[in-house]
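Peer 1: Next up is a structure, given as structure tokens.
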Amino acid sequence: MTLPLRKERTVAAEMPHYRSQIRWREQLVAYLFLLPAIAAFTVFAWWPILNSIVMSFQQVDLMDAGASTWIGFRNFERMFADPTFVASWRNSFEFAGLSILIGFFVPVFVSILVNEMRAAKSFFRIVYFLPSVIPPLIGILVWQLIYSPQPGGLLNQVVIGLGGTRAGWLQDVSLVKPSILVIMTWGGFGATMLIYLAALQDLPIELYEAAEIDGARPWDRIRFITLPYLRPTMLVLLIVQVLGIVQIFMEPLVLTEGGPGQATMTPVFTLYRKGFLNGDYGLAAAWSVLLMIVLGALSLVYLRVTRATQQ
Amino acid sequence: MKRFTLVFVFCLMLIAVAPLAAQDVTPPEFPLTLPDTIAEGRDVSITISACIGEDQEQQRLDFDAQLARFMEVYPNVTVERTQYCFSPESFAALVAGGTLPTVFGVPATEPQRLIAQGVPANLSAAFEQFGLNDIYNPTLLALLSDAEGNVYGFPEFSYAQGIGWDIAALSAAGYDAPPATWEEFGAVAQEVADPAAGLAGFAMFLSGGGGGWHFTNLAYGFGATELIRDNGDGTYTAVYGEGAAVEAMQFLYDLRWPDAENALPLDLASNPTFETVDGRAVMFMSPADGSIGWLHVNMPDVDLTRFGYTAMPQAPDGLRYTLTGGSHQMVFAGASADQQEAAIVFQVWRTLSPGEFAPSRAIFHATQAGAGTPVLPIFAGELQAAVDAFDQQFITMPVENYQGFYDALNAGEIVLVPEPPFAQDFYVAIAEVMTTVLTDESADVPALMAANAEAFQTGILDPAAGS
């Protein structure tokens, strides 16, 4: 049982040695193959990122980039002073927190259920995955009808039919975030569920058989075998989910315009407004730089967790 | 039988001749002289943005035919149509990349920002050369000019905010038209509302940027035409925390409460026009081009005779203050001098020359605002009257339902007020107050407005001072 671990350690120990050796003559062809991708990334990703950082310290002249003036940290000072700054980031973290509460366990739960099924497994896999193939904008517009605050709104009809009272799902400050997260969970959990299901396929069936022989009930199997086995995958997907949630944009843009009040203003939506509606590109760049730092930090956590789970 | 045949043939002849008669209406004559050559005969290529719908093939062909005729008149100029409708997301990239069409259309909310950024070319010399200052409505030219009076755009069409209404629903309550003052308007909105049936008395944008935009009109209507004061030294003061702007917010509160069964739409994110078209609201605030004009062009199945349209209710001084909107044409400052010259001549030739005026109007009415949409005068004085007379042939909208708007316009009661400084930030900030006021019965309107104005001052205006 310990042999593979020793082998992994050996390989890991040799990694720096391999990295330091760039043998150009042998690897030239490989680098040539990489060149188009590197060029594309440089032009479409790295250069814009670098340019954003530069713009965040400038009052930007769109007509002549050379005429943009350096203003130091002025854009960052304005960003921190802006009342929407606190509101946007607070909303983002609330969305992230709620997404863990509402959305994170749904795909875990559903994938375990589907995996436990003796029949119709493929049918349910497809059914649950279907929302993922609907274009996000179309899905959002359909949910807009479902959430209509009118007495005739679909969800309100159900609520009223059950004896409840009509609610403003996207109008009520206390309801709007959970309502949006339900949409995001609905749209995203199918793909996540497939990842969990794929992970579950690797789970040795002998463990379940042994547990059954030992008299374990279904819940015990899930608790002591399935969930511990899925834990590394769950951790990775949790960080991926938070990374995605922090970048919420389309839902506020289409459904709420950041409202009611500023309840669904998010950093990405705010920087969109500052840049494209106000034409204040330097300030928008400052917002994007901060967003990049936060996402970078989260990505580092993601990489560390991924590496730890691989080991 | 013979008699019947004769009458039938006569009727057929009348039908056949009618369009010819309509086309015989003389286009207005604009006092201008076009040059014989452009750029002293040097080869020039320009691009013209045309926002023509995918399904409007005929208008595209008509537009291209105009380009071909222009190139016949000025053979050294190559003109190309670019299918482009202004969108904030792509516009900045086109500017930064230097690929903006030589002539481009912009919404009326954009010119001042673009002028400050140096995007449009200064057209003052051309306006002087062609005598355009006497042709266009000076009020609109002022909105397209900088502080020094330099002109940067060709007015295309302009609208004011107004009030539309469902004629049958309002008539059922005994009213021919929306009341002329906000106080009476609020009372009628409450009277005609039927919350149990999901019917609002009055619909307007109530949240997000749209909510702030409409609230600004409401505040203007209550007399608060200055919401953010430009101190003239690079600093600004938020003055909406007291006075008429607070009264406007109180007006909204009073339409919503004392209980949630109210005169405003339940859906804060709803579109006021659609609320009314779908029978969920009796009256709505909207610019005519974005409501009845838009319906005419894009949803021809909607029966427009159901709706009336009039000017905004009067402010305390009897005038009707409103933000303006619409679209205008500009020339890209990044284009070469020859290109700018060609673009200016093209724009003047296409919209004002005797041979091109009629096809240009036909394309405009089919793609932008249906003929008869209550809009503001583009041209000065008698010229507008001539244009209106010419446009009669295109009108298929029930213009008799819009008489209230024209009466207010002709009486000089409609006053255009520009957007406040930092408009987009203000819209977001004030929308927060709107939400609180419309969702919390215990909301203290004066305190909320004062706190919001103070936060706006310290969070937006003070840090941006001098920038």
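Here, A, B, ... name the chains of the structure tokens in the order displayed, residue numbers run from 1 inside each chain, and ligands are numbered from 1 in the same displayed order.
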Counting only C-alpha atoms, which residues from chain A have an atom at most 8 Å from any atom of chain B, and could you show them as a ChimeraX atom specification?

Peer 2: /A:61-65,77-78,81-83,148-151,168,171-172,255-262,273,276-279

Peer 1: Once you have the residues from the selection above, write them out as a PDB file, in the first residue's frame, restricted to N, CA and C atoms.

Peer 2:
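Result file follows (again_4.pdb):
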ATOM      1  N   ASP A  61      -7.295  58.723 -22.368  1.00  0.00           N
ATOM      2  CA  ASP A  61      -7.735  59.399 -23.583  1.00  0.00           C
ATOM      3  C   ASP A  61      -7.954  58.321 -24.632  1.00  0.00           C
ATOM      4  N   LEU A  62      -9.214  58.055 -24.915  1.00  0.00           N
ATOM      5  CA  LEU A  62      -9.532  56.969 -25.845  1.00  0.00           C
ATOM      6  C   LEU A  62      -9.001  57.232 -27.242  1.00  0.00           C
ATOM      7  N   MET A  63      -9.022  58.500 -27.629  1.00  0.00           N
ATOM      8  CA  MET A  63      -8.652  58.851 -28.995  1.00  0.00           C
ATOM      9  C   MET A  63      -7.161  58.693 -29.232  1.00  0.00           C
ATOM     10  N   ASP A  64      -6.377  58.923 -28.186  1.00  0.00           N
ATOM     11  CA  ASP A  64      -4.923  58.856 -28.330  1.00  0.00           C
ATOM     12  C   ASP A  64      -4.351  58.347 -27.018  1.00  0.00           C
ATOM     13  N   ALA A  65      -4.024  57.061 -27.013  1.00  0.00           N
ATOM     14  CA  ALA A  65      -3.546  56.448 -25.769  1.00  0.00           C
ATOM     15  C   ALA A  65      -2.313  57.184 -25.244  1.00  0.00           C
ATOM     16  N   GLU A  77      -8.311  55.774  -5.342  1.00  0.00           N
ATOM     17  CA  GLU A  77      -8.923  56.561  -4.258  1.00  0.00           C
ATOM     18  C   GLU A  77     -10.411  56.767  -4.539  1.00  0.00           C
ATOM     19  N   ARG A  78     -10.726  57.092  -5.795  1.00  0.00           N
ATOM     20  CA  ARG A  78     -12.141  57.283  -6.162  1.00  0.00           C
ATOM     21  C   ARG A  78     -12.924  55.989  -6.006  1.00  0.00           C
ATOM     22  N   ALA A  81     -13.624  55.335  -2.369  1.00  0.00           N
ATOM     23  CA  ALA A  81     -14.572  56.297  -1.783  1.00  0.00           C
ATOM     24  C   ALA A  81     -16.004  56.084  -2.290  1.00  0.00           C
ATOM     25  N   ASP A  82     -16.132  55.446  -3.423  1.00  0.00           N
ATOM     26  CA  ASP A  82     -17.451  55.279  -4.068  1.00  0.00           C
ATOM     27  C   ASP A  82     -18.379  54.426  -3.188  1.00  0.00           C
ATOM     28  N   PRO A  83     -19.598  54.927  -2.905  1.00  0.00           N
ATOM     29  CA  PRO A  83     -20.521  54.135  -2.070  1.00  0.00           C
ATOM     30  C   PRO A  83     -20.843  52.761  -2.679  1.00  0.00           C
ATOM     31  N   SER A 148     -42.142  36.706 -12.064  1.00  0.00           N
ATOM     32  CA  SER A 148     -42.979  37.904 -12.200  1.00  0.00           C
ATOM     33  C   SER A 148     -43.741  38.187 -10.902  1.00  0.00           C
ATOM     34  N   PRO A 149     -43.683  39.425 -10.443  1.00  0.00           N
ATOM     35  CA  PRO A 149     -44.337  39.739  -9.163  1.00  0.00           C
ATOM     36  C   PRO A 149     -45.851  39.884  -9.277  1.00  0.00           C
ATOM     37  N   GLN A 150     -46.351  39.833 -10.508  1.00  0.00           N
ATOM     38  CA  GLN A 150     -47.794  39.940 -10.678  1.00  0.00           C
ATOM     39  C   GLN A 150     -48.494  38.748 -10.028  1.00  0.00           C
ATOM     40  N   PRO A 151     -49.765  38.932  -9.642  1.00  0.00           N
ATOM     41  CA  PRO A 151     -50.500  37.790  -9.095  1.00  0.00           C
ATOM     42  C   PRO A 151     -50.502  36.616 -10.081  1.00  0.00           C
ATOM     43  N   GLY A 168     -42.368  39.651  -4.213  1.00  0.00           N
ATOM     44  CA  GLY A 168     -41.580  40.288  -5.277  1.00  0.00           C
ATOM     45  C   GLY A 168     -40.215  39.636  -5.303  1.00  0.00           C
ATOM     46  N   GLN A 171     -37.793  41.950  -6.584  1.00  0.00           N
ATOM     47  CA  GLN A 171     -38.019  43.318  -6.132  1.00  0.00           C
ATOM     48  C   GLN A 171     -37.743  43.498  -4.649  1.00  0.00           C
ATOM     49  N   ASP A 172     -37.846  42.407  -3.917  1.00  0.00           N
ATOM     50  CA  ASP A 172     -37.662  42.462  -2.477  1.00  0.00           C
ATOM     51  C   ASP A 172     -36.179  42.286  -2.163  1.00  0.00           C
ATOM     52  N   LEU A 255     -31.754  41.152 -15.253  1.00  0.00           N
ATOM     53  CA  LEU A 255     -32.921  41.022 -14.385  1.00  0.00           C
ATOM     54  C   LEU A 255     -33.176  42.236 -13.490  1.00  0.00           C
ATOM     55  N   THR A 256     -32.120  42.842 -12.993  1.00  0.00           N
ATOM     56  CA  THR A 256     -32.333  43.824 -11.914  1.00  0.00           C
ATOM     57  C   THR A 256     -31.628  45.165 -12.107  1.00  0.00           C
ATOM     58  N   GLU A 257     -30.735  45.261 -13.079  1.00  0.00           N
ATOM     59  CA  GLU A 257     -29.933  46.483 -13.261  1.00  0.00           C
ATOM     60  C   GLU A 257     -29.212  46.861 -11.976  1.00  0.00           C
ATOM     61  N   GLY A 258     -28.867  45.858 -11.199  1.00  0.00           N
ATOM     62  CA  GLY A 258     -28.152  46.122  -9.944  1.00  0.00           C
ATOM     63  C   GLY A 258     -29.079  46.363  -8.766  1.00  0.00           C
ATOM     64  N   GLY A 259     -30.362  46.468  -9.021  1.00  0.00           N
ATOM     65  CA  GLY A 259     -31.330  46.753  -7.969  1.00  0.00           C
ATOM     66  C   GLY A 259     -31.913  45.494  -7.388  1.00  0.00           C
ATOM     67  N   PRO A 260     -32.902  45.554  -6.546  1.00  0.00           N
ATOM     68  CA  PRO A 260     -33.482  46.800  -6.041  1.00  0.00           C
ATOM     69  C   PRO A 260     -32.471  47.591  -5.198  1.00  0.00           C
ATOM     70  N   GLY A 261     -32.495  48.884  -5.354  1.00  0.00           N
ATOM     71  CA  GLY A 261     -31.459  49.710  -4.723  1.00  0.00           C
ATOM     72  C   GLY A 261     -30.118  49.304  -5.295  1.00  0.00           C
ATOM     73  N   GLN A 262     -29.225  48.853  -4.418  1.00  0.00           N
ATOM     74  CA  GLN A 262     -27.931  48.352  -4.891  1.00  0.00           C
ATOM     75  C   GLN A 262     -27.735  46.902  -4.454  1.00  0.00           C
ATOM     76  N   ARG A 273     -20.535  49.520 -15.742  1.00  0.00           N
ATOM     77  CA  ARG A 273     -21.214  50.815 -15.757  1.00  0.00           C
ATOM     78  C   ARG A 273     -20.203  51.963 -15.801  1.00  0.00           C
ATOM     79  N   PHE A 276     -18.325  51.558 -19.517  1.00  0.00           N
ATOM     80  CA  PHE A 276     -19.073  51.664 -20.771  1.00  0.00           C
ATOM     81  C   PHE A 276     -20.208  52.683 -20.725  1.00  0.00           C
ATOM     82  N   LEU A 277     -20.796  52.899 -19.567  1.00  0.00           N
ATOM     83  CA  LEU A 277     -21.878  53.889 -19.509  1.00  0.00           C
ATOM     84  C   LEU A 277     -21.365  55.267 -19.111  1.00  0.00           C
ATOM     85  N   ASN A 278     -20.401  55.313 -18.170  1.00  0.00           N
ATOM     86  CA  ASN A 278     -19.860  56.620 -17.767  1.00  0.00           C
ATOM     87  C   ASN A 278     -18.704  57.054 -18.662  1.00  0.00           C
ATOM     88  N   GLY A 279     -18.086  56.103 -19.348  1.00  0.00           N
ATOM     89  CA  GLY A 279     -16.915  56.442 -20.161  1.00  0.00           C
ATOM     90  C   GLY A 279     -15.692  56.761 -19.316  1.00  0.00           C
TER      91      GLY A 279
END

Peer 1: Find the spatial neighbours of stretch 153-158 of chain A, counting only C-alpha atoms, within a cut-off of 10 Å - ignore same-chain residues fewer than 5 positions away - and output them as a list in words.

Peer 2: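 So, after excluding close chain neighbours, the residues are Trp143, Gln144, Leu145, Ile146, Tyr147, Ser148, Gly163, Gly164, Thr165, Arg166, Ala167, Gly168 and Trp169 of chain A.
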
Peer 1: Take the residues that were just selected and, keeping N, CA and C atoms, output them as an mmCIF file, in the first residue's frame.

Peer 2:
data_model
loop_
_atom_site.group_PDB
_atom_site.id
_atom_site.type_symbol
_atom_site.label_atom_id
_atom_site.label_comp_id
_atom_site.auth_asym_id
_atom_site.auth_seq_id
_atom_site.Cartn_x
_atom_site.Cartn_y
_atom_site.Cartn_z
ATOM 1 N N TRP A 143 -36.711 32.659 -16.469
ATOM 2 C CA TRP A 143 -36.851 32.841 -15.017
ATOM 3 C C TRP A 143 -37.496 34.179 -14.669
ATOM 4 N N GLN A 144 -37.256 35.155 -15.540
ATOM 5 C CA GLN A 144 -37.889 36.463 -15.314
ATOM 6 C C GLN A 144 -39.414 36.311 -15.323
ATOM 7 N N LEU A 145 -39.914 35.478 -16.212
ATOM 8 C CA LEU A 145 -41.359 35.228 -16.256
ATOM 9 C C LEU A 145 -41.808 34.451 -15.018
ATOM 10 N N ILE A 146 -40.990 33.485 -14.646
ATOM 11 C CA ILE A 146 -41.352 32.686 -13.466
ATOM 12 C C ILE A 146 -41.431 33.571 -12.228
ATOM 13 N N TYR A 147 -40.484 34.519 -12.127
ATOM 14 C CA TYR A 147 -40.416 35.380 -10.938
ATOM 15 C C TYR A 147 -41.331 36.602 -11.017
ATOM 16 N N SER A 148 -42.142 36.706 -12.064
ATOM 17 C CA SER A 148 -42.979 37.904 -12.200
ATOM 18 C C SER A 148 -43.741 38.187 -10.902
ATOM 19 N N GLY A 163 -51.569 28.778 -0.426
ATOM 20 C CA GLY A 163 -52.045 29.550 0.723
ATOM 21 C C GLY A 163 -51.115 30.673 1.136
ATOM 22 N N GLY A 164 -50.038 30.889 0.377
ATOM 23 C CA GLY A 164 -49.098 31.955 0.727
ATOM 24 C C GLY A 164 -49.511 33.287 0.129
ATOM 25 N N THR A 165 -48.652 34.287 0.273
ATOM 26 C CA THR A 165 -48.951 35.600 -0.301
ATOM 27 C C THR A 165 -47.938 35.913 -1.404
ATOM 28 N N ARG A 166 -48.385 36.754 -2.321
ATOM 29 C CA ARG A 166 -47.554 37.129 -3.458
ATOM 30 C C ARG A 166 -46.248 37.764 -2.983
ATOM 31 N N ALA A 167 -45.157 37.437 -3.676
ATOM 32 C CA ALA A 167 -43.858 38.002 -3.298
ATOM 33 C C ALA A 167 -43.196 38.657 -4.504
ATOM 34 N N GLY A 168 -42.368 39.651 -4.213
ATOM 35 C CA GLY A 168 -41.580 40.288 -5.277
ATOM 36 C C GLY A 168 -40.215 39.636 -5.303
ATOM 37 N N TRP A 169 -40.098 38.540 -6.037
ATOM 38 C CA TRP A 169 -38.881 37.726 -5.975
ATOM 39 C C TRP A 169 -37.637 38.504 -6.374
#

Peer 1: Go through B:Phe364, B:Thr225, B:Tyr159, B:Leu141 one by one, measure the shortest atom-to-atom distance of each to B:Ser291 using only C-alpha atoms, and give the residue with the smallest value.

Peer 2: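 Smallest separation from B:Ser291 among the options: B:Tyr159.
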
Peer 1: How would you write, as a ChimeraX atom specification, the set of residues in stretch 167-397 of chain B that DSSP gives as helix (DSSP H, G or I)?

Peer 2: /B:167-172,182-192,195-197,208-221,244-256,272-277,292-298,304-306,337-352,354-367,381-394

Peer 1: Just the strand (DSSP E or B) stuff from stretch 111-302 of chain B, please, per backbone DSSP, written as a VMD selection string.

Peer 2: chain B and resid 120 136 145 151 154 to 166 181 194 199 to 203 228 to 230 236 to 238 281 to 287

Peer 1: Leaving out stretch 342-350 of chain B and any residue of its chain fewer than 2 positions from it, which residues lie within 8 Å of it when counting only C-alpha atoms, given as a list in words?

Peer 2: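 Once the adjacent positions are removed, what remains is Leu34, Pro35, Ile38, Ala39, Val44, Ile46, Gln66, Phe70, Val77, Thr102, Val103, Ala126, Val331, Asp338, Gln339, Gln340, Leu352, Ser353, Glu356, Phe357 and Ser360 of chain B.
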
Peer 1: Output C-alpha atoms for every residue in the selection just made, as a PDB file, in the first residue's frame.

Peer 2:
ATOM      1  CA  LEU B  34     -23.140  72.060 -52.070  1.00  0.00           C
ATOM      2  CA  PRO B  35     -19.555  72.047 -53.352  1.00  0.00           C
ATOM      3  CA  ILE B  38     -14.619  67.207 -52.377  1.00  0.00           C
ATOM      4  CA  ALA B  39     -11.039  67.185 -51.125  1.00  0.00           C
ATOM      5  CA  VAL B  44     -11.314  59.531 -50.353  1.00  0.00           C
ATOM      6  CA  ILE B  46     -15.512  56.927 -45.920  1.00  0.00           C
ATOM      7  CA  GLN B  66     -28.258  56.802 -52.150  1.00  0.00           C
ATOM      8  CA  PHE B  70     -23.519  60.239 -54.122  1.00  0.00           C
ATOM      9  CA  VAL B  77     -15.329  59.579 -53.018  1.00  0.00           C
ATOM     10  CA  THR B 102     -16.612  58.160 -40.409  1.00  0.00           C
ATOM     11  CA  VAL B 103     -20.260  59.124 -39.841  1.00  0.00           C
ATOM     12  CA  ALA B 126     -18.930  73.385 -42.023  1.00  0.00           C
ATOM     13  CA  VAL B 331     -18.289  62.679 -37.711  1.00  0.00           C
ATOM     14  CA  ASP B 338     -10.397  64.769 -46.467  1.00  0.00           C
ATOM     15  CA  GLN B 339     -12.564  62.055 -44.933  1.00  0.00           C
ATOM     16  CA  GLN B 340     -14.196  64.549 -42.576  1.00  0.00           C
ATOM     17  CA  LEU B 352     -31.046  68.136 -47.015  1.00  0.00           C
ATOM     18  CA  SER B 353     -30.532  68.156 -50.792  1.00  0.00           C
ATOM     19  CA  GLU B 356     -32.398  63.014 -51.471  1.00  0.00           C
ATOM     20  CA  PHE B 357     -34.657  64.475 -48.809  1.00  0.00           C
ATOM     21  CA  SER B 360     -33.952  59.849 -46.567  1.00  0.00           C
TER      22      SER B 360
END

Peer 1: What gap, in Å, lies between atom CA of A:Leu303 and atom CA of A:Ser88?

Peer 2: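 Atom CA of A:Leu303 sits 26.1 Å away from atom CA of A:Ser88.
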
Peer 1: Leaving out A:Leu237 and any residue of its chain fewer than 4 positions from it, which residues lie within 10 Å of it when counting only C-alpha atoms, given as a VMD selection string?

Peer 2: chain A and resid 104 192 195 to 196 231 to 233 241 to 243 302 306

Peer 1: Which residues come within 9 Å of A:Ser99, counting only C-alpha atoms, excluding same-chain residues fewer than 4 positions away, as an mmCIF file with C-alpha atoms, in the first residue's frame?

Peer 2:
data_model
loop_
_atom_site.group_PDB
_atom_site.id
_atom_site.type_symbol
_atom_site.label_atom_id
_atom_site.label_comp_id
_atom_site.auth_asym_id
_atom_site.auth_seq_id
_atom_site.Cartn_x
_atom_site.Cartn_y
_atom_site.Cartn_z
ATOM 1 C CA GLU A 94 -23.029 37.494 0.229
ATOM 2 C CA PHE A 95 -23.667 35.831 -3.114
ATOM 3 C CA GLY A 103 -26.135 25.883 -4.547
ATOM 4 C CA PHE A 104 -23.064 23.954 -3.486
ATOM 5 C CA PRO A 178 -31.540 33.843 -3.175
ATOM 6 C CA LEU A 181 -28.770 32.092 -6.895
ATOM 7 C CA VAL A 182 -31.544 29.658 -7.655
ATOM 8 C CA MET A 184 -27.449 30.188 -11.229
ATOM 9 C CA THR A 185 -27.718 26.866 -9.438
ATOM 10 C CA GLN A 241 -17.884 28.109 -7.727
ATOM 11 C CA VAL A 242 -16.731 31.028 -5.594
ATOM 12 C CA ILE A 245 -19.922 33.807 -8.226
#

Peer 1: Which is closer to A:Val236 than all the others in A:Arg304, A:Arg125, A:Arg25, A:Arg221, using only C-alpha atoms?

Peer 2: A:Arg304

Peer 1: Tell me, as a short mmCIF file (atom, residue, chain, number, x, y, z; two decimals) with C-alpha atoms, in the first residue's frame, which residues lie within 8 Å of B:Glu156, counting only C-alpha atoms; anything in the same chain fewer than 4 positions away does not count.

Peer 2:
data_model
loop_
_atom_site.label_atom_id
_atom_site.label_comp_id
_atom_site.auth_asym_id
_atom_site.auth_seq_id
_atom_site.Cartn_x
_atom_site.Cartn_y
_atom_site.Cartn_z
CA GLY B 326 -33.26 60.71 -29.59
CA SER B 327 -30.29 60.22 -31.86
CA HIS B 328 -27.87 62.39 -33.75
CA GLN B 329 -25.16 61.93 -36.35
CA ILE B 378 -35.32 69.22 -35.67
#

Peer 1: To one decimal place in Å, what is the distance between atom CA of A:Ala120 and atom CA of A:Leu230?

Peer 2: 22.8 Å

Peer 1: Quick one, how far is atom CA of B:Phe394 from atom CA of B:Ala362?

Peer 2: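 Distance reported for this atom pair: 7.4 Å.
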